[in-house]
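Peer 1: My structure file structure-v6.pdb, PDB, C-alpha atoms, is below:
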ATOM      1  CA  MET A  13      55.667 -25.692  71.404
ATOM      2  CA  GLN A  14      58.599 -27.940  70.520
ATOM      3  CA  LYS A  15      57.347 -30.527  73.005
ATOM      4  CA  LYS A  16      53.593 -30.047  72.575
ATOM      5  CA  ASN A  17      53.501 -29.818  68.745
ATOM      6  CA  PRO A  18      56.864 -31.022  67.403
ATOM      7  CA  LEU A  19      55.699 -31.410  63.786
ATOM      8  CA  GLU A  20      54.234 -27.919  63.714
ATOM      9  CA  TRP A  21      57.415 -26.558  65.284
ATOM     10  CA  GLU A  22      59.436 -28.317  62.578
ATOM     11  CA  SER A  23      57.269 -26.569  59.961
ATOM     12  CA  TYR A  24      58.206 -23.149  61.362
ATOM     13  CA  ALA A  25      61.849 -24.226  61.561
ATOM     14  CA  GLN A  26      61.760 -25.344  57.917
ATOM     15  CA  LEU A  27      60.374 -21.981  56.801
ATOM     16  CA  SER A  28      63.208 -20.287  58.698
ATOM     17  CA  ARG A  29      65.840 -22.606  57.212
ATOM     18  CA  ILE A  30      64.815 -21.700  53.684
ATOM     19  CA  GLY A  31      64.802 -17.989  54.453
ATOM     20  CA  TYR A  32      61.286 -16.871  55.318
ATOM     21  CA  LYS A  33      60.919 -14.171  57.971
ATOM     22  CA  GLN A  34      58.140 -14.999  60.399
ATOM     23  CA  ARG A  35      56.768 -14.115  63.798
ATOM     24  CA  LEU A  36      55.063 -16.823  65.824
ATOM     25  CA  LEU A  37      51.877 -15.484  67.394
ATOM     26  CA  HIS A  38      50.960 -16.430  70.934
ATOM     27  CA  GLU A  39      47.615 -18.091  71.432
ATOM     28  CA  ARG A  40      45.070 -16.418  73.635
ATOM     29  CA  GLY A  41      42.687 -18.761  75.420
ATOM     30  CA  ASN A  42      39.648 -16.512  75.210
ATOM     31  CA  ALA A  43      40.197 -15.423  71.594
ATOM     32  CA  ALA A  44      37.530 -16.137  69.008
ATOM     33  CA  ALA A  45      40.263 -17.988  67.101
ATOM     34  CA  ASN A  46      44.049 -18.049  67.013
ATOM     35  CA  ILE A  47      46.248 -17.500  63.976
ATOM     36  CA  ASP A  48      49.699 -19.036  64.042
ATOM     37  CA  ILE A  49      52.162 -16.720  62.317
ATOM     38  CA  SER A  50      52.813 -13.438  60.646
ATOM     39  CA  LEU A  51      54.877 -14.162  57.536
ATOM     40  CA  PHE A  52      56.882 -11.707  55.432
ATOM     41  CA  LEU A  53      56.367 -12.408  51.751
ATOM     42  CA  ASP A  54      56.676 -10.177  48.686
ATOM     43  CA  GLY A  55      57.616  -7.199  50.841
ATOM     44  CA  GLU A  56      54.593  -7.403  53.163
ATOM     45  CA  TRP A  57      53.661  -8.967  56.491
ATOM     46  CA  HIS A  58      50.419 -10.985  56.552
ATOM     47  CA  TYR A  59      48.731 -13.350  58.979
ATOM     48  CA  TRP A  60      48.921 -17.026  58.052
ATOM     49  CA  ASP A  61      47.590 -20.169  59.644
ATOM     50  CA  MET A  62      49.812 -23.271  59.788
ATOM     51  CA  LYS A  63      48.278 -26.654  59.032
ATOM     52  CA  THR A  64      50.415 -29.771  59.394
ATOM     53  CA  ILE A  65      48.719 -32.662  57.598
ATOM     54  CA  GLU A  66      49.352 -36.182  58.830
ATOM     55  CA  GLY A  67      46.451 -38.001  57.171
ATOM     56  CA  GLY A  68      44.925 -38.056  53.713
ATOM     57  CA  LEU A  69      42.784 -35.755  51.578
ATOM     58  CA  SER A  70      39.876 -35.653  54.042
ATOM     59  CA  ALA A  71      42.250 -34.365  56.741
ATOM     60  CA  LEU A  72      43.472 -31.667  54.354
ATOM     61  CA  ARG A  73      39.914 -30.572  53.459
ATOM     62  CA  LYS A  74      39.040 -30.372  57.154
ATOM     63  CA  ARG A  75      42.130 -28.301  57.949
ATOM     64  CA  MET A  76      41.438 -25.900  55.074
ATOM     65  CA  SER A  77      37.888 -25.363  56.404
ATOM     66  CA  GLU A  78      39.253 -24.797  59.914
ATOM     67  CA  CYS A  79      41.656 -22.193  58.600
ATOM     68  CA  TYR A  80      38.959 -20.373  56.650
ATOM     69  CA  SER A  81      36.527 -20.336  59.583
ATOM     70  CA  LYS A  82      39.096 -18.610  61.819
ATOM     71  CA  TRP A  83      38.885 -15.440  59.732
ATOM     72  CA  GLY A  84      35.092 -15.477  60.015
ATOM     73  CA  ARG A  85      35.149 -15.891  63.793
ATOM     74  CA  LEU A  86      37.741 -13.146  64.213
ATOM     75  CA  SER A  87      35.717 -10.761  62.013
ATOM     76  CA  GLU A  88      32.480 -11.068  63.970
ATOM     77  CA  PRO A  89      31.438  -7.918  65.842
ATOM     78  CA  GLY A  90      32.864  -7.940  69.358
ATOM     79  CA  ALA A  91      35.220 -10.872  68.685
ATOM     80  CA  THR A  92      38.148 -11.147  71.089
ATOM     81  CA  LEU A  93      41.318 -11.048  69.030
ATOM     82  CA  PRO A  94      44.500 -12.915  69.894
ATOM     83  CA  THR A  95      47.412 -10.958  71.306
ATOM     84  CA  ARG A  96      49.383  -9.065  68.615
ATOM     85  CA  ILE A  97      46.636  -9.405  65.973
ATOM     86  CA  ASP A  98      45.539  -6.111  64.465
ATOM     87  CA  PHE A  99      42.039  -6.335  63.004
ATOM     88  CA  ASP A 100      42.909  -3.782  60.298
ATOM     89  CA  ASP A 101      45.632  -6.120  59.015
ATOM     90  CA  LEU A 102      43.543  -9.310  59.072
ATOM     91  CA  ASP A 103      42.518  -9.126  55.365
ATOM     92  CA  ASN A 104      41.921 -12.523  53.654
ATOM     93  CA  PRO A 105      42.824 -16.033  54.796
ATOM     94  CA  ARG A 106      46.262 -17.402  54.044
ATOM     95  CA  VAL A 107      47.513 -20.857  54.961
ATOM     96  CA  VAL A 108      50.804 -22.729  55.065
ATOM     97  CA  VAL A 109      50.193 -26.440  54.522
ATOM     98  CA  GLU A 110      52.945 -28.778  55.677
ATOM     99  CA  ASN A 111      52.913 -31.908  53.516
ATOM    100  CA  ARG A 112      56.066 -33.729  54.618
ATOM    101  CA  TYR A 113      54.156 -35.903  57.122
ATOM    102  CA  SER A 114      50.993 -36.634  55.135
ATOM    103  CA  LYS A 115      49.969 -39.629  53.058
ATOM    104  CA  ILE A 116      49.327 -37.374  50.054
ATOM    105  CA  ALA A 117      51.597 -36.811  47.051
ATOM    106  CA  ASP A 118      52.576 -33.166  46.549
ATOM    107  CA  ALA A 119      50.641 -32.870  43.263
ATOM    108  CA  ASN A 120      47.437 -34.212  44.857
ATOM    109  CA  GLU A 121      47.900 -31.970  47.881
ATOM    110  CA  GLU A 122      48.290 -28.903  45.664
ATOM    111  CA  LYS A 123      45.237 -29.831  43.603
ATOM    112  CA  GLN A 124      43.103 -30.220  46.747
ATOM    113  CA  ILE A 125      44.375 -26.930  48.194
ATOM    114  CA  VAL A 126      43.320 -25.121  44.999
ATOM    115  CA  GLU A 127      39.901 -26.814  45.054
ATOM    116  CA  SER A 128      39.386 -25.994  48.747
ATOM    117  CA  MET A 129      40.439 -22.375  48.244
ATOM    118  CA  LYS A 130      37.936 -21.956  45.391
ATOM    119  CA  TYR A 131      35.123 -23.742  47.215
ATOM    120  CA  LEU A 132      35.543 -21.902  50.526
ATOM    121  CA  SER A 133      36.026 -18.515  48.852
ATOM    122  CA  ALA A 134      32.852 -18.969  46.781
ATOM    123  CA  LYS A 135      30.661 -19.891  49.750
ATOM    124  CA  GLY A 136      31.959 -17.443  52.357
ATOM    125  CA  GLN A 137      32.608 -13.780  52.944
ATOM    126  CA  PHE A 138      36.361 -13.973  52.290
ATOM    127  CA  GLY A 139      38.482 -14.988  49.342
ATOM    128  CA  PHE A 140      41.569 -17.058  50.068
ATOM    129  CA  SER A 141      44.499 -14.866  49.089
ATOM    130  CA  GLU A 142      47.105 -17.569  48.776
ATOM    131  CA  ALA A 143      48.499 -20.734  50.238
ATOM    132  CA  MET A 144      51.996 -22.045  50.671
ATOM    133  CA  LEU A 145      52.713 -25.747  50.411
ATOM    134  CA  ILE A 146      55.760 -27.248  52.101
ATOM    135  CA  LEU A 147      56.605 -30.094  49.726
ATOM    136  CA  LYS A 148      57.836 -33.564  50.668
ATOM    137  CA  ASP A 149      61.427 -32.485  49.946
ATOM    138  CA  GLY A 150      61.127 -29.392  52.193
ATOM    139  CA  ARG A 151      60.920 -26.778  49.423
ATOM    140  CA  THR A 152      57.897 -24.495  49.237
ATOM    141  CA  ARG A 153      55.427 -23.713  46.491
ATOM    142  CA  LEU A 154      53.194 -20.645  46.548
ATOM    143  CA  ILE A 155      49.607 -21.231  45.400
ATOM    144  CA  LYS A 156      47.437 -18.284  44.334
TER
END
Spell out the structure here as structure tokens.

Peer 2:
Amino acid sequence: MQKKNPLEWESYAQLSRIGYKQRLLHERGNAAANIDISLFLDGEWHYWDMKTIEGGLSALRKRMSECYSKWGRLSEPGATLPTRIDFDDLDNPRVVVENRYSKIADANEEKQIVESMKYLSAKGQFGFSEAMLILKDGRTRLIK
């Protein structure tokens, strides 16, 4: 992963540096969708998708939609789940958005994440539980 997706790898490394426990999940080629990590937060493990944004707001909106659609594909009857994903623990979508490489200011990124979470939750079968934003300075902000 370090060679294939160095920016995404750096996002996982940054979460580790600031103290988050995480488990990287292996992708499965025939899975309905793949989720990136299991992250320990507030005393619980949950599945999270990692989105590293390099463009502007349209790239962020697209990535948020991609994240949300993964939960729908994995919840379909007969869906092939990735290795180490337990359907009973899938619950609602969660996303880590890496903003250090984007063209978007942190405040604008956070505003768009909130708008996307509301929009996608209102139109689909799931409600976004939360998002985590990795800010330009490497700190994180939890968005509920």

Peer 1: Please build the interface table for segment 36-66 of chain A against segment 112-119 of chain A with a cut-off of 8 Å, listing for each qualifying residue the nearest atom pair and the distance in Å to one decimal; count all atoms listed in the file, order rows by chain and increasing number, and write it as JSON lines.

Peer 2:
{"residue": "A:Thr64", "atom": "CA", "partner": "A:Tyr113", "partner_atom": "CA", "distance": 7.5}
{"residue": "A:Ile65", "atom": "CA", "partner": "A:Ser114", "partner_atom": "CA", "distance": 5.2}
{"residue": "A:Glu66", "atom": "CA", "partner": "A:Ser114", "partner_atom": "CA", "distance": 4.1}

Peer 1: Any chance you could resolve the PyMOL selection byres ((chain A and resi 131-144) around 12) against this file and give the residues as a VMD selection string?

Peer 2: chain A and resid 23 27 32 51 53 58 to 64 73 to 85 87 to 88 102 to 111 118 121 to 130 145 to 147 150 to 156

Peer 1: Using all atoms listed in the file, pick whichever of A:Phe52, A:Ile30, A:Leu69, A:Ile47 has the shortest atom-to-atom distance to Asp98 of chain A.

Peer 2: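 Looking only at the distances to Asp98 of chain A, the closest residue turns out to be A:Ile47.
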
Peer 1: Compile the contact shell of segment 34-44 of chain A as a ChimeraX atom specification: residues with an atom at most 6 Å away, counting all atoms listed in the file, same-chain residues fewer than 3 positions apart removed.

Peer 2: /A:48-51,85-86,91-94

Peer 1: For the residues in that selection, give me C-alpha atoms as a short mmCIF file (atom, residue, chain, number, x, y, z; two decimals), keeping the file's coordinate frame.

Peer 2:
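The result, stored in part_34.cif:
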data_model
loop_
_atom_site.label_atom_id
_atom_site.label_comp_id
_atom_site.auth_asym_id
_atom_site.auth_seq_id
_atom_site.Cartn_x
_atom_site.Cartn_y
_atom_site.Cartn_z
CA ASP A 48 49.70 -19.04 64.04
CA ILE A 49 52.16 -16.72 62.32
CA SER A 50 52.81 -13.44 60.65
CA LEU A 51 54.88 -14.16 57.54
CA ARG A 85 35.15 -15.89 63.79
CA LEU A 86 37.74 -13.15 64.21
CA ALA A 91 35.22 -10.87 68.68
CA THR A 92 38.15 -11.15 71.09
CA LEU A 93 41.32 -11.05 69.03
CA PRO A 94 44.50 -12.92 69.89
#

Peer 1: What is the atom CA of Leu72 of chain A to atom CA of Asn120 of chain A distance in Å?

Peer 2: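 Distance between the two atoms: 10.6 Å.
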
Peer 1: What separation in Å, quoted to one decimal, exists between atom CA of Gly67 of chain A and atom CA of Ala45 of chain A?

Peer 2: 23.2 Å

Peer 1: Report, in Å with one decimal, the straight-line distance from atom CA of Gln26 of chain A to atom CA of Asp149 of chain A.

Peer 2: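 A separation of 10.7 Å between them.
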
Peer 1: Go ahead and fit an axis-aligned box to every listed atom of segment 46-54 of chain A plus 8 Å each side, and pass me the centre and edge lengths in Å, one decimal, as AutoDock Vina command-line options.

Peer 2:
--center_x 50.5 --center_y -14.6 --center_z 57.8 --size_x 28.8 --size_y 24.9 --size_z 34.3
